[in-house]
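Reviewing the structure listed below.
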Amino acid sequence: MTKGIIVIKPKLLAFLSANFAQAMALYPFILVKDENCACNTNLINHERIHLRQQIEMLILPFYLVYALEYLYRRLQKKNHYAAYRHISFEREAYANENNENYLQSRRFWNFLKWT
Ligand SMILES: [Zn+2]
């Protein structure tokens with residue numbers, strides 16, 4: 001198991017993520033629902049991108065901006081999943097989750113590229 005990854009009860013993760021995610025970046029940890037998720041390289045890379053975003057936004061403002069953008073996208077897209085996938089933080093993470101070297105060359109606040 002990689003440092004900083006915590007397997008939590010699926011029901012707790014479902015509660016924290018509104019019954020949605022297999023994993024969640026909650027600085028400084030990555031919470032996963034099971035060992036399979038803990039070994040999923042793309043999933044963990046996705047969550048590591050979120051940890052970097054959180055650090056760059058000084059943690060708490062990240063969650064506020066994430067929630068506000070979700071609400072904006074929800075009004076725009078009229079659908080939970082579409083709104084979630086269009087959040088700039090998610091767009092950056094999904095676009096780069098299969099690139100294990102992404103964080104080494106990523107620019108500061110690069111999520112703005114996906115706004
Ligand atoms: Zn994500």
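In the structure tokens, chains take the letters A, B, ... in the order shown, each chain's residues start at 1, and ligands count up from 1 in the order shown.
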Legend entry - Long-range neighbours of A:Ile5 as a count of residues only, 8 Å cut-off, only C-alpha atoms, 3 positions minimum in chain: 7
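Look at A:Leu75: the protein and nucleic acid residues within 12 Å of it, using only C-alpha atoms and passing over chain neighbours fewer than 6 places away, are Leu68, Glu69, Ala82, Ala83, Tyr84 and His86 of chain A.
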Legend entry - Cut-off 10 Å, only C-alpha atoms and all ligand atoms, neighbours of ligand 1 as a PyMOL selection string: chain A and resi 21-25+43-51+84-85+87-94+97
Inset, instruction - Give me every strand (DSSP E) residue in stretch 14-101 of chain A, going by DSSP on the backbone, as JSON, numbers by chain. - result: {"A": [23, 24, 25, 26, 29, 30, 31, 32]}
Legend entry - Coordinates-based distance that separates atom CA of A:Leu58 from atom CA of A:Arg107 (Å, one decimal): 16.1 Å
Inset, instruction - Per DSSP on the backbone, filter chain A down to the residues in helix (DSSP H, G or I) and report them as number ranges by chain. - result: A: 10-16, 35-38, 41-56, 60-77, 80-86, 88-96, 102-105, 110-114
Legend entry - For A:Asn42, the nearest of the candidates A:Trp109, A:Tyr81, A:Tyr102, A:Trp114, counting only C-alpha atoms: A:Tyr102
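Residue neighbourhood of A:Met57, excluding near-sequence residues (fewer than 2 positions): Tyr27, His50, Leu51, Arg52, Gln53, Gln54, Ile55, Ile59, Leu60, Pro61, Phe62, Tyr63, Leu64, Val65, Tyr66, Phe89, Phe108, Trp109, Asn110, Phe111 and Leu112 of chain A, at 12 Å, using only C-alpha atoms.
When atom CA of A:Lys9 is paired with atom CA of A:Lys33, their separation reads 6.1 Å.
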